[in-house]
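The file query_26.txt contains compact mmCIF, C-alpha atoms and all ligand atoms:
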# COMPACT_ATOMS: atom_id res chain seq x y z
CA MET A 8 85.72 124.34 117.53
CA LYS A 9 82.89 123.61 119.92
CA LYS A 10 82.07 120.04 120.94
CA PRO A 11 79.83 118.25 118.43
CA ALA A 12 76.40 116.86 119.37
CA PRO A 13 76.84 113.53 121.17
CA PHE A 14 76.40 110.20 119.41
CA SER A 15 73.13 108.36 120.13
CA PRO A 16 73.06 106.48 123.47
CA GLU A 17 73.15 103.16 121.51
CA LEU A 18 76.35 104.06 119.66
CA ASN A 19 77.83 105.65 122.75
CA ASN A 20 77.29 102.45 124.73
CA LYS A 21 79.03 100.40 122.08
CA ILE A 22 81.97 102.82 122.02
CA GLU A 23 82.28 102.88 125.79
CA GLN A 24 82.18 99.10 126.02
CA PHE A 25 85.43 98.99 124.04
CA GLN A 26 86.99 102.18 125.41
CA ALA A 27 86.87 100.64 128.88
CA GLN A 28 89.44 98.10 127.65
CA ALA A 29 91.91 100.66 126.29
CA ALA A 30 95.19 100.82 128.16
CA PRO A 31 96.78 104.28 128.22
CA MET A 32 100.49 104.23 127.36
CA LYS A 33 103.49 106.49 127.10
CA LEU A 34 105.96 106.83 124.25
CA GLY A 35 108.93 108.69 125.62
CA THR A 36 107.36 111.52 127.58
CA VAL A 37 104.10 111.64 125.62
CA ASP A 38 100.85 110.17 126.99
CA PHE A 39 98.51 108.37 124.60
CA SER A 40 95.07 107.03 125.46
CA SER A 41 95.56 103.63 123.78
CA LYS A 42 98.31 101.56 122.16
CA LEU A 43 96.57 101.87 118.80
CA LEU A 44 97.48 105.03 116.90
CA LEU A 45 96.32 106.48 113.61
CA ALA A 46 99.20 106.53 111.10
CA PRO A 47 99.86 109.63 109.00
CA MET A 48 98.12 109.68 105.61
CA ALA A 49 98.53 112.45 103.04
CA GLY A 50 95.21 113.86 101.87
CA ILE A 51 93.36 112.09 104.68
CA CYS A 52 94.76 112.92 108.14
CA ASN A 53 93.42 116.46 108.36
CA ILE A 54 91.68 117.90 111.44
CA PRO A 55 88.22 116.37 110.74
CA PHE A 56 89.51 112.84 110.17
CA ARG A 57 91.96 113.00 113.09
CA LEU A 58 89.19 114.21 115.41
CA LEU A 59 86.84 111.48 114.24
CA MET A 60 89.45 108.81 114.81
CA GLU A 61 90.15 110.09 118.33
CA ASP A 62 86.39 109.97 118.99
CA LEU A 63 86.46 106.36 117.78
CA GLY A 64 89.30 105.19 119.98
CA ALA A 65 92.58 106.11 118.26
CA GLY A 66 95.08 106.65 121.07
CA GLY A 67 96.78 109.42 119.12
CA THR A 68 97.09 110.75 115.58
CA VAL A 69 99.68 112.20 113.22
CA SER A 70 99.09 114.78 110.49
CA GLU A 71 99.84 114.14 106.86
CA LEU A 72 103.41 114.90 105.78
CA ILE A 73 104.10 118.64 105.57
CA SER A 74 106.91 120.17 103.52
CA CYS A 75 109.58 121.99 105.53
CA HIS A 76 110.24 124.20 102.53
CA GLY A 77 106.55 125.08 102.24
CA ILE A 78 106.65 126.14 105.88
CA ASN A 79 109.80 128.17 105.43
CA TYR A 80 108.36 129.94 102.37
CA ALA A 81 105.22 130.63 104.45
CA ASN A 82 103.16 128.98 101.72
CA GLN A 83 99.55 129.54 102.79
CA ARG A 84 98.34 126.02 101.96
CA THR A 85 101.24 124.49 103.85
CA LEU A 86 100.66 126.66 106.92
CA GLU A 87 96.98 125.58 106.89
CA MET A 88 98.16 121.98 107.24
CA LEU A 89 99.92 122.84 110.50
CA LYS A 90 96.70 123.87 112.21
CA ILE A 91 95.46 121.82 115.13
CA ASP A 92 92.00 122.04 116.67
CA ASN A 93 91.40 122.68 120.36
CA LEU A 94 89.41 119.40 120.57
CA GLU A 95 92.37 117.30 119.40
CA LYS A 96 94.12 115.53 122.26
CA ASN A 97 97.17 113.55 121.21
CA VAL A 98 98.26 114.85 117.85
CA GLY A 99 101.66 115.14 116.22
CA LEU A 100 102.71 117.02 113.10
CA GLN A 101 104.86 115.23 110.53
CA LEU A 102 107.47 117.16 108.56
CA PHE A 103 109.44 116.11 105.51
CA GLY A 104 112.57 117.51 104.00
CA GLU A 105 116.23 116.68 103.54
CA ASP A 106 118.18 119.58 104.94
CA ALA A 107 118.99 120.04 108.64
CA GLU A 108 118.83 123.83 108.55
CA ALA A 109 115.51 123.95 106.67
CA MET A 110 113.98 121.20 108.79
CA SER A 111 114.98 122.84 112.05
CA ARG A 112 113.58 126.23 111.02
CA ALA A 113 110.32 124.59 109.96
CA ALA A 114 110.17 122.59 113.19
CA GLU A 115 110.41 125.77 115.21
CA VAL A 116 107.42 127.17 113.35
CA ALA A 117 105.45 123.91 113.54
CA GLN A 118 105.88 123.61 117.28
CA ASN A 119 104.09 126.95 117.73
CA TYR A 120 100.91 125.39 116.34
CA GLY A 121 100.62 123.31 119.49
CA PRO A 122 101.26 119.65 118.57
CA LYS A 123 102.19 117.21 121.32
CA PHE A 124 105.16 116.05 119.25
CA LEU A 125 106.85 116.43 115.87
CA ASP A 126 107.67 113.53 113.58
CA ILE A 127 110.15 113.31 110.72
CA ASN A 128 109.03 111.41 107.63
CA MET A 129 111.75 108.93 106.63
CA GLY A 130 109.51 106.47 104.83
CA CYS A 131 107.96 108.29 101.89
CA PRO A 132 108.84 106.31 98.74
CA VAL A 133 107.45 108.83 96.22
CA ASN A 134 109.97 109.89 93.56
CA LYS A 135 109.26 113.59 93.87
CA VAL A 136 110.29 113.42 97.53
CA VAL A 137 113.18 110.93 97.42
CA THR A 138 114.95 112.50 94.42
CA LYS A 139 115.38 115.62 96.56
CA GLY A 140 116.78 113.50 99.39
CA GLY A 141 113.73 113.50 101.67
CA GLY A 142 111.41 110.71 102.89
CA SER A 143 112.92 107.24 102.65
CA ALA A 144 116.04 108.63 100.90
CA LEU A 145 117.14 109.77 104.37
CA MET A 146 117.59 106.10 105.23
CA LYS A 147 120.34 105.90 102.61
CA GLU A 148 122.30 108.83 103.96
CA VAL A 149 122.97 107.60 107.44
CA GLU A 150 125.82 110.05 108.07
CA LYS A 151 123.39 112.96 107.66
CA LEU A 152 121.03 111.72 110.34
CA ALA A 153 122.69 112.58 113.66
CA PRO A 154 123.31 116.22 112.60
CA LEU A 155 119.74 116.45 111.26
CA PHE A 156 118.12 115.02 114.38
CA GLU A 157 120.29 117.08 116.72
CA LYS A 158 119.68 120.32 114.85
CA VAL A 159 115.90 119.85 114.86
CA ARG A 160 115.98 118.76 118.51
CA SER A 161 117.92 121.82 119.53
CA LYS A 162 115.20 124.11 118.12
CA ILE A 163 112.14 122.56 119.76
CA LYS A 164 110.91 121.86 123.28
CA ILE A 165 108.41 119.11 122.40
CA PRO A 166 109.35 115.47 121.72
CA LEU A 167 110.63 114.39 118.33
CA SER A 168 109.92 111.02 116.68
CA ILE A 169 110.74 109.50 113.30
CA LYS A 170 108.82 107.19 110.96
CA ILE A 171 110.98 104.87 108.91
CA ARG A 172 110.80 101.78 106.71
CA THR A 173 112.82 98.59 107.17
CA GLY A 174 115.47 99.97 104.80
CA TRP A 175 115.95 101.22 101.26
CA ASP A 176 115.85 97.75 99.72
CA ALA A 177 116.28 94.10 100.71
CA ASN A 178 120.08 94.49 100.63
CA HIS A 179 120.08 97.52 102.89
CA LEU A 180 117.90 96.71 105.87
CA ASN A 181 119.43 99.29 108.17
CA ALA A 182 116.56 100.11 110.53
CA ALA A 183 118.56 98.85 113.54
CA GLU A 184 121.43 101.21 112.74
CA ILE A 185 118.98 104.09 112.42
CA LEU A 186 117.39 103.23 115.76
CA LYS A 187 120.78 103.51 117.40
CA ILE A 188 121.51 106.89 115.80
CA ALA A 189 118.03 108.08 116.75
CA HIS A 190 118.56 107.01 120.34
CA ASP A 191 121.89 108.82 120.55
CA SER A 192 120.45 111.99 118.98
CA GLY A 193 117.48 112.61 121.25
CA ILE A 194 114.65 111.00 119.25
CA GLU A 195 111.95 109.77 121.66
CA TRP A 196 110.43 106.91 119.63
CA VAL A 197 110.44 105.34 116.20
CA ALA A 198 107.52 104.17 114.08
CA ILE A 199 108.36 101.58 111.45
CA HIS A 200 106.41 100.47 108.38
CA GLY A 201 107.59 96.91 107.74
CA ARG A 202 108.45 97.31 104.07
CA THR A 203 111.49 98.62 102.18
CA ARG A 204 111.33 101.70 99.99
CA THR A 205 111.78 99.53 96.91
CA GLN A 206 108.75 97.46 97.85
CA GLN A 207 106.64 100.61 98.06
CA TYR A 208 103.31 98.92 98.95
CA THR A 209 103.85 95.50 97.35
CA GLY A 210 104.27 92.23 99.24
CA LEU A 211 103.53 92.05 102.92
CA ALA A 212 104.86 94.06 105.83
CA ASP A 213 107.67 92.04 107.45
CA TRP A 214 106.52 91.62 111.02
CA ASN A 215 109.34 89.19 111.86
CA PHE A 216 111.75 91.96 111.04
CA ILE A 217 109.85 94.45 113.19
CA GLU A 218 109.54 92.10 116.14
CA ASN A 219 113.21 91.15 115.99
CA LEU A 220 114.19 94.81 116.00
CA ASN A 221 112.80 94.90 119.47
CA GLU A 222 115.72 92.77 120.57
CA VAL A 223 118.19 95.46 119.66
CA LYS A 224 116.13 98.54 120.19
CA LYS A 225 116.78 101.08 122.87
CA LEU A 226 113.83 103.28 121.95
CA PRO A 227 110.09 102.71 122.10
CA LEU A 228 108.95 101.20 118.81
CA VAL A 229 105.63 101.59 117.02
CA GLY A 230 104.95 98.78 114.52
CA ASN A 231 103.01 99.43 111.33
CA GLY A 232 101.91 97.66 108.18
CA ASP A 233 98.96 95.59 107.00
CA LEU A 234 96.99 95.78 110.23
CA HIS A 235 93.78 95.83 108.25
CA HIS A 236 91.11 94.21 110.43
CA PRO A 237 90.34 93.98 114.15
CA TYR A 238 91.29 90.32 114.33
CA GLY A 239 94.75 90.95 112.88
CA VAL A 240 95.32 93.96 115.11
CA SER A 241 94.20 92.31 118.34
CA ASP A 242 96.26 89.23 117.54
CA ARG A 243 99.33 91.40 116.94
CA LEU A 244 98.62 93.39 120.08
CA LEU A 245 98.67 90.19 122.14
CA LYS A 246 102.03 88.97 120.85
CA THR A 247 103.97 92.07 119.84
CA ASN A 248 107.16 93.36 121.42
CA CYS A 249 106.29 96.82 120.11
CA ASN A 250 105.18 99.53 122.51
CA ALA A 251 102.33 100.54 120.22
CA LEU A 252 100.84 99.83 116.79
CA MET A 253 99.87 102.22 114.00
CA ILE A 254 97.00 101.71 111.60
CA ALA A 255 96.57 103.57 108.31
CA ARG A 256 94.45 101.96 105.58
CA GLY A 257 92.52 99.75 107.99
CA ALA A 258 90.79 102.80 109.44
CA LEU A 259 89.49 103.85 106.03
CA ARG A 260 87.32 100.79 105.53
CA ASN A 261 86.56 100.29 109.21
CA PRO A 262 86.46 103.48 111.28
CA PHE A 263 85.72 101.33 114.34
CA ILE A 264 88.97 99.35 114.02
CA PHE A 265 90.65 101.09 116.98
CA LEU A 266 87.76 100.07 119.23
CA GLU A 267 87.03 96.61 117.84
CA SER A 268 90.68 95.56 118.11
CA LEU A 269 90.79 96.09 121.87
CA ASP A 270 88.86 92.94 122.72
CA PRO A 271 90.55 89.78 121.38
CA ASN A 272 87.56 87.52 122.10
CA TYR A 273 85.23 89.83 120.24
CA ALA A 274 87.67 90.35 117.34
CA LYS A 275 88.11 86.57 116.96
CA GLN A 276 84.43 86.18 116.09
CA LYS A 277 84.92 88.41 113.05
CA ARG A 278 81.39 89.80 113.39
CA SER A 279 80.88 93.48 113.99
CA ILE A 280 78.37 95.05 116.35
CA PHE A 281 78.63 98.29 114.36
CA HIS A 282 75.93 98.48 111.72
CA GLY A 283 74.79 100.81 108.94
CA LYS A 284 73.05 103.11 111.41
CA ASP A 285 76.33 103.56 113.33
CA TYR A 286 78.18 104.36 110.11
CA TRP A 287 75.57 106.99 109.33
CA GLU A 288 76.19 108.64 112.71
CA VAL A 289 79.91 108.60 112.03
CA VAL A 290 79.40 110.27 108.64
CA GLN A 291 77.26 112.96 110.27
CA ARG A 292 80.02 113.62 112.83
CA LEU A 293 82.55 113.86 110.00
CA TYR A 294 80.24 116.25 108.15
CA THR A 295 80.06 118.49 111.24
CA TYR A 296 83.84 118.55 111.62
CA ASN A 297 84.38 119.25 107.92
CA THR A 298 81.87 122.08 107.72
CA GLU A 299 83.40 123.66 110.83
CA ILE A 300 86.89 123.54 109.35
CA PHE A 301 86.31 124.17 105.64
CA PRO A 302 84.29 127.23 104.64
CA GLU A 303 83.95 125.95 101.05
CA GLU A 304 81.13 123.42 100.56
CA ARG A 305 83.08 121.87 97.69
CA THR A 306 85.99 121.01 100.01
CA THR A 307 83.68 119.22 102.44
CA LEU A 308 82.11 117.33 99.53
CA VAL A 309 85.48 116.19 98.19
CA GLN A 310 86.77 115.21 101.64
CA LEU A 311 83.59 113.44 102.67
CA ARG A 312 82.71 111.39 99.67
CA LYS A 313 85.95 109.43 99.43
CA LEU A 314 85.62 108.48 103.11
CA ILE A 315 81.92 107.65 102.79
CA VAL A 316 82.70 105.29 99.93
CA TRP A 317 85.55 103.63 101.81
CA PHE A 318 83.34 103.22 104.89
CA ALA A 319 80.75 101.49 102.68
CA ALA A 320 83.31 98.99 101.32
CA GLY A 321 82.18 95.41 101.85
CA PHE A 322 78.55 96.21 102.62
CA PRO A 323 75.82 94.99 100.20
CA HIS A 324 75.43 97.07 97.01
CA ALA A 325 78.50 99.16 97.89
CA ALA A 326 79.52 99.42 94.20
CA ALA A 327 76.19 100.94 93.14
CA PHE A 328 76.31 103.31 96.12
CA ARG A 329 79.82 104.35 95.16
CA SER A 330 78.70 105.29 91.62
CA GLN A 331 75.76 107.22 93.04
CA ILE A 332 78.02 109.19 95.40
CA PHE A 333 80.67 110.01 92.83
CA GLY A 334 77.97 111.07 90.38
CA CYS A 335 76.58 113.58 92.86
CA GLN A 336 77.89 117.15 92.94
CA HIS A 337 75.83 118.48 95.85
CA LEU A 338 76.67 118.05 99.49
CA GLY A 339 73.02 117.96 100.60
CA ASP A 340 72.14 115.20 98.10
CA THR A 341 75.30 113.30 99.01
CA MET A 342 74.28 113.27 102.65
CA LYS A 343 70.72 112.18 101.78
CA PHE A 344 71.94 109.28 99.59
CA THR A 345 74.36 108.30 102.35
CA GLU A 346 71.65 108.32 104.99
CA ASP A 347 69.33 106.22 102.79
CA TYR A 348 72.09 103.77 102.00
CA PHE A 349 73.45 103.19 105.49
CA LEU A 350 69.99 103.06 107.09
CA SER A 351 68.87 100.50 104.50
CA LEU A 352 71.61 98.10 105.60
CA GLY A 353 69.94 97.00 108.83
CA GLU A 354 72.28 94.57 110.57
CA SER A 355 74.17 93.50 107.41
CA GLN A 356 77.79 92.57 107.96
CA LYS A 357 80.71 93.75 105.85
CA PHE A 358 82.60 91.23 103.75
CA ILE A 359 85.99 92.47 102.64
CA ASN A 360 88.54 90.37 100.79
CA TYR A 361 91.67 91.44 102.63
CA ASP A 362 93.88 89.58 100.16
CA GLU A 363 92.94 92.08 97.46
CA VAL A 364 95.22 95.10 97.18
CA PHE A 365 93.67 98.23 98.68
CA MET A 366 95.37 101.60 98.09
CA SER A 367 98.84 100.66 96.99
CA SER A 368 100.43 104.06 97.14
CA GLY A 369 101.13 106.56 99.88
CA HIS A 370 103.76 108.75 101.43
CA GLY A 371 105.35 106.47 104.02
C1 LIG B 1 96.98 107.33 101.13
C2 LIG B 1 98.18 107.17 102.00
C3 LIG B 1 98.90 108.28 102.39
C4 LIG B 1 100.01 108.15 103.23
N1 LIG B 1 100.66 109.26 103.64
C5 LIG B 1 101.69 109.15 104.55
C6 LIG B 1 102.32 110.31 105.09
O1 LIG B 1 101.95 111.45 104.80
N2 LIG B 1 103.34 110.12 105.96
C7 LIG B 1 103.78 108.86 106.32
O2 LIG B 1 104.71 108.73 107.12
N3 LIG B 1 103.17 107.76 105.84
C8 LIG B 1 102.14 107.88 104.97
N4 LIG B 1 101.51 106.76 104.52
C9 LIG B 1 101.96 105.43 105.00
C10 LIG B 1 101.12 104.97 106.19
O3 LIG B 1 101.31 105.81 107.31
C11 LIG B 1 101.51 103.52 106.57
O4 LIG B 1 102.86 103.51 106.93
C12 LIG B 1 101.30 102.52 105.44
O5 LIG B 1 100.08 102.76 104.77
C13 LIG B 1 101.27 101.09 105.99
O6 LIG B 1 100.28 100.96 106.98
P1 LIG B 1 98.84 100.27 106.69
O7 LIG B 1 99.10 98.92 106.11
O8 LIG B 1 98.15 100.26 108.01
O9 LIG B 1 98.14 101.12 105.66
C14 LIG B 1 100.42 106.86 103.67
C15 LIG B 1 99.69 105.75 103.27
C16 LIG B 1 98.58 105.89 102.46
C17 LIG B 1 97.82 104.66 102.05
Encoded form using C-alpha cells:
Amino acid sequence: MKKPAPFSPELNNKIEQFQAQAAPMKLGTVDFSSKLLLAPMAGICNIPFRLLMEDLGAGGTVSELISCHGINYANQRTLEMLKIDNLEKNVGLQLFGEDAEAMSRAAEVAQNYGPKFLDINMGCPVNKVVTKGGGSALMKEVEKLAPLFEKVRSKIKIPLSIKIRTGWDANHLNAAEILKIAHDSGIEWVAIHGRTRTQQYTGLADWNFIENLNEVKKLPLVGNGDLHHPYGVSDRLLKTNCNALMIARGALRNPFIFLESLDPNYAKQKRSIFHGKDYWEVVQRLYTYNTEIFPEERTTLVQLRKLIVWFAAGFPHAAAFRSQIFGCQHLGDTMKFTEDYFLSLGESQKFINYDEVFMSSGHG
C-alpha cells in the first residue's frame, strides 16, 4: 500500500524523541530496529496492527499463528493470513502444526510471501491445537523436534525461530533441553513466554526462570510475559540477560508502550506524554490501514472497535465509551464517537489496575 499521511508534527516529535533512543539489534542474521518486539496474537496481529506497531516503535512483529494444514489445503482464508504489506519492515510469519512433512511444505509456501523469518508456534495451550499434537504439545514430544526443525530448515532459505513456554507443567520445565535441540537443528533464536502450558495465562510469568535460562543458552533468547507497562518493560530491559523482549497484551492498552519503554527515567515517572489527541491520530492511522487492506466495511469495523476500546482503557469514562462503541454498527459513526471521546480527554492520564486480569486466553 502507499504510505499513509504523516502524523501531526506534535505527535511526530514525541515519537522521534523516543525513537532516537532505540538500539537496533540482531537476532541470528535478522536485523531489528529495537529490542522490543510485538508478540504474535491471533485475531490481532494482522497487517494493519503490525504496521501501526512498527510506526509506533516495535522493532519487529510476528503474524498470528497460521495453520500448516490450512496452507497445504490452499484454504483461501489461511492464505490471506500469509500476506505481508510492502510497508512492513521486520515481520515474521508464525506457523503451527505437528507434522514435519506438513510443516515443511507449508513453510516453503509461506516463505514465498516475503517474511524476514518464519517462527514455529510451540506455546499454544488451546485444546483444539494441543490434542492434535501442535502448539505447546510439541514441548512434550522432544524426540520429534530435531527431525521437525531440520525438515523445515531444509526447505527454506530464511531464518527459522521458535516460540515456546517454560514447559508443559511445573514438573516438566524442559525449555533448556529444547534450546539445546533448537541450537543443534539450525534454529536462529527462541522466544519464551514464562509460563507452563498448564498455567495457560494464570499466575505470573516466571522471569527468574527465563533469566536463568540465559546461563545455559547457546541461542539468542527473547523473553516474554507480563510486560504490561513502560515502567516494567524499561526496568526489565535494564537488567535482562535476554537479547530482546516481546510484548503482547501491553500493546493493546498502550500502543505507545514500545516507545515509552525506551527511556527508563521517563518510564519511572509513570506519567504519559501521549494524550487523547495522540490516540485519536493513532486510530485514524489504523483506520487507513484497515480500509486499505479490507474491502468490506464490516471487517474494518470489527477490527477497529476492539482496538479502540482497548486503547481507551483506563481513561475517564472509558466504560460508557465502550458501550457506545459496541452499540454502534456504522463505521462512520464509530469514528465520530471515537474522535469526540479522545479529543474530550485533554491531558487526562490513564489509570490501569495492572493487578487485574486482562485477556486471560491466547494462542501462545
Ligand atoms: C489474544 C491473544 C492471542 C495470542 N495469539 C498467539 C499466537 O497466535 N501465537 C503465539 O505464539 N502466541 C500467542 N499469544 C501469546 C502471546 O504472544 C504472549 O506470549 C502472551 O500473551 C504473554 O505475553 P504478554 O503478557 O505480553 O501478553 C496470544 C496472546 C493473546 C492474549
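With distances restricted to only C-alpha atoms, A:Asp62 is the closest residue to A:Pro13 from A:Asp62, A:Arg329, A:Asn178, A:Glu148.
Using all atoms listed in the file, the shortest contact distance between A:Ser241 and any of A:Glu222, A:Asp270, A:Glu108, A:Asp191 is found at A:Asp270.
From atom CA of A:Arg172 back to atom CA of A:Thr203, the distance works out to 5.6 Å.
Ranking A:Lys164, A:Lys147, A:Lys284, A:His370 by their shortest atom-to-atom distance to A:Thr345, with only C-alpha atoms included, puts A:Lys284 first.
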* Given a cut-off of 6 Å, what residues near ligand LIG 1 (chain B) show up using only C-alpha atoms and all ligand atoms, put as a PyMOL selection string? -> chain A and resi 46-49+71-72+128+130+170+200+231-234+254-257+366+368-371
* Length of the atom CA of A:Val309 to atom CA of A:Phe103 vector [Å] -> 25.1 Å
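Residue neighbourhood of A:Thr295, excluding near-sequence residues (fewer than 3 positions): Met8, Lys9, Lys10, Pro11, Ala12, Pro13, Ile54, Pro55, Phe56, Leu58, Leu59, Glu288, Val289, Val290, Gln291, Arg292, Thr298, Glu299, Ile300, Phe301, Pro302, Glu304, Thr307, Leu308, Leu311 and Met342 of chain A, at 12 Å, using only C-alpha atoms.
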Quick one: residues within 12 Å of A:Gly66, only C-alpha atoms, excluding same-chain residues fewer than 4 positions away - as a JSON list (two decimals) with C-alpha atoms, in the frame of the given file?
[["chain", "number", "residue", "atom", "x", "y", "z"],
["A", 26, "GLN", "CA", 86.99, 102.18, 125.41],
["A", 29, "ALA", "CA", 91.91, 100.66, 126.29],
["A", 30, "ALA", "CA", 95.19, 100.82, 128.16],
["A", 31, "PRO", "CA", 96.78, 104.28, 128.22],
["A", 32, "MET", "CA", 100.49, 104.23, 127.36],
["A", 33, "LYS", "CA", 103.49, 106.49, 127.10],
["A", 34, "LEU", "CA", 105.96, 106.83, 124.25],
["A", 37, "VAL", "CA", 104.10, 111.64, 125.62],
["A", 38, "ASP", "CA", 100.85, 110.17, 126.99],
["A", 39, "PHE", "CA", 98.51, 108.37, 124.60],
["A", 40, "SER", "CA", 95.07, 107.03, 125.46],
["A", 41, "SER", "CA", 95.56, 103.63, 123.78],
["A", 42, "LYS", "CA", 98.31, 101.56, 122.16],
["A", 43, "LEU", "CA", 96.57, 101.87, 118.80],
["A", 44, "LEU", "CA", 97.48, 105.03, 116.90],
["A", 45, "LEU", "CA", 96.32, 106.48, 113.61],
["A", 46, "ALA", "CA", 99.20, 106.53, 111.10],
["A", 57, "ARG", "CA", 91.96, 113.00, 113.09],
["A", 58, "LEU", "CA", 89.19, 114.21, 115.41],
["A", 59, "LEU", "CA", 86.84, 111.48, 114.24],
["A", 60, "MET", "CA", 89.45, 108.81, 114.81],
["A", 61, "GLU", "CA", 90.15, 110.09, 118.33],
["A", 62, "ASP", "CA", 86.39, 109.97, 118.99],
["A", 95, "GLU", "CA", 92.37, 117.30, 119.40],
["A", 96, "LYS", "CA", 94.12, 115.53, 122.26],
["A", 97, "ASN", "CA", 97.17, 113.55, 121.21],
["A", 98, "VAL", "CA", 98.26, 114.85, 117.85],
["A", 99, "GLY", "CA", 101.66, 115.14, 116.22],
["A", 251, "ALA", "CA", 102.33, 100.54, 120.22],
["A", 252, "LEU", "CA", 100.84, 99.83, 116.79],
["A", 253, "MET", "CA", 99.87, 102.22, 114.00],
["A", 254, "ILE", "CA", 97.00, 101.71, 111.60],
["A", 264, "ILE", "CA", 88.97, 99.35, 114.02],
["A", 265, "PHE", "CA", 90.65, 101.09, 116.98],
["A", 266, "LEU", "CA", 87.76, 100.07, 119.23],
["A", 269, "LEU", "CA", 90.79, 96.09, 121.87]]
* Can you work out the spacing between atom CA of A:Glu115 and atom CA of A:Val159 in Å, to one decimal? => 8.1 Å
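In terms of minimum interatomic distance to A:Leu293, A:Lys313 ranks closest within A:Ala274, A:Lys313, A:Ala109, A:Glu195, counting all atoms listed in the file.
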* **Contact residues around A:Ser330 with all atoms listed in the file at 12 Å, ignoring same-chain residues under 6 positions, as a list in words** => Arg312, Lys313, Ile315, Val316, Ala319, His324, Gln336, Thr341, Phe344 and Thr345 of chain A
* Skip A:Leu145 itself and residues of its chain fewer than 4 positions away, then list as a VMD selection string all residues within 12 Å of it, counting all atoms listed in the file. => chain A and resid 103 to 107 127 to 132 136 to 141 149 to 153 155 to 156 169 to 172 174 to 175 181 to 182 185 204
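Every protein, DNA or RNA residue with an atom at most 12 Å from A:Lys224, where all atoms listed in the file count and chain neighbours fewer than 3 positions away do not, is listed here: Ala182, Ala183, Glu184, Ile185, Leu186, Lys187, Ile188, Ala189, His190, Asp191, Trp196, Val197, Ala198, Ile217, Glu218, Asn219, Leu220, Asn221, Pro227, Leu228, Val229, Asn248, Cys249 and Asn250 of chain A.
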Selection file, C-alpha atoms, as an mmCIF file, in the coordinates of the input:
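Generated file (out_14.cif):
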data_model
loop_
_atom_site.group_PDB
_atom_site.id
_atom_site.type_symbol
_atom_site.label_atom_id
_atom_site.label_comp_id
_atom_site.auth_asym_id
_atom_site.auth_seq_id
_atom_site.Cartn_x
_atom_site.Cartn_y
_atom_site.Cartn_z
ATOM 1 C CA ALA A 182 116.560 100.110 110.530
ATOM 2 C CA ALA A 183 118.560 98.850 113.540
ATOM 3 C CA GLU A 184 121.430 101.210 112.740
ATOM 4 C CA ILE A 185 118.980 104.090 112.420
ATOM 5 C CA LEU A 186 117.390 103.230 115.760
ATOM 6 C CA LYS A 187 120.780 103.510 117.400
ATOM 7 C CA ILE A 188 121.510 106.890 115.800
ATOM 8 C CA ALA A 189 118.030 108.080 116.750
ATOM 9 C CA HIS A 190 118.560 107.010 120.340
ATOM 10 C CA ASP A 191 121.890 108.820 120.550
ATOM 11 C CA TRP A 196 110.430 106.910 119.630
ATOM 12 C CA VAL A 197 110.440 105.340 116.200
ATOM 13 C CA ALA A 198 107.520 104.170 114.080
ATOM 14 C CA ILE A 217 109.850 94.450 113.190
ATOM 15 C CA GLU A 218 109.540 92.100 116.140
ATOM 16 C CA ASN A 219 113.210 91.150 115.990
ATOM 17 C CA LEU A 220 114.190 94.810 116.000
ATOM 18 C CA ASN A 221 112.800 94.900 119.470
ATOM 19 C CA PRO A 227 110.090 102.710 122.100
ATOM 20 C CA LEU A 228 108.950 101.200 118.810
ATOM 21 C CA VAL A 229 105.630 101.590 117.020
ATOM 22 C CA ASN A 248 107.160 93.360 121.420
ATOM 23 C CA CYS A 249 106.290 96.820 120.110
ATOM 24 C CA ASN A 250 105.180 99.530 122.510
#
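Candidate residues A:Ser143, A:Gln207, A:Ser279, A:Asn360 were compared for distance to A:Ala320, and the nearest is A:Asn360, using all atoms listed in the file.
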Will you model N, CA and C atoms for stretch 235-245 of chain A and pass it back as a compact mmCIF listing (two decimals), keeping the file's coordinate frame?
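So the final result, stored in part.txt, reads:
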# COMPACT_ATOMS: atom_id res chain seq x y z
N HIS A 235 94.96 95.38 108.99
CA HIS A 235 93.78 95.83 108.25
C HIS A 235 92.45 95.54 108.92
N HIS A 236 92.41 94.56 109.82
CA HIS A 236 91.11 94.21 110.43
C HIS A 236 91.30 93.94 111.92
N PRO A 237 90.21 94.08 112.69
CA PRO A 237 90.34 93.98 114.15
C PRO A 237 90.99 92.67 114.60
N TYR A 238 90.71 91.58 113.90
CA TYR A 238 91.29 90.32 114.33
C TYR A 238 92.82 90.37 114.23
N GLY A 239 93.30 90.86 113.08
CA GLY A 239 94.75 90.95 112.88
C GLY A 239 95.39 91.89 113.89
N VAL A 240 94.74 92.98 114.17
CA VAL A 240 95.32 93.96 115.11
C VAL A 240 95.35 93.38 116.52
N SER A 241 94.24 92.80 116.95
CA SER A 241 94.20 92.31 118.34
C SER A 241 95.18 91.15 118.52
N ASP A 242 95.31 90.33 117.48
CA ASP A 242 96.26 89.23 117.54
C ASP A 242 97.70 89.77 117.67
N ARG A 243 98.00 90.79 116.88
CA ARG A 243 99.33 91.40 116.94
C ARG A 243 99.57 92.06 118.30
N LEU A 244 98.52 92.70 118.79
CA LEU A 244 98.62 93.39 120.08
C LEU A 244 98.97 92.39 121.19
N LEU A 245 98.42 91.19 121.09
CA LEU A 245 98.67 90.19 122.14
C LEU A 245 100.11 89.71 122.12
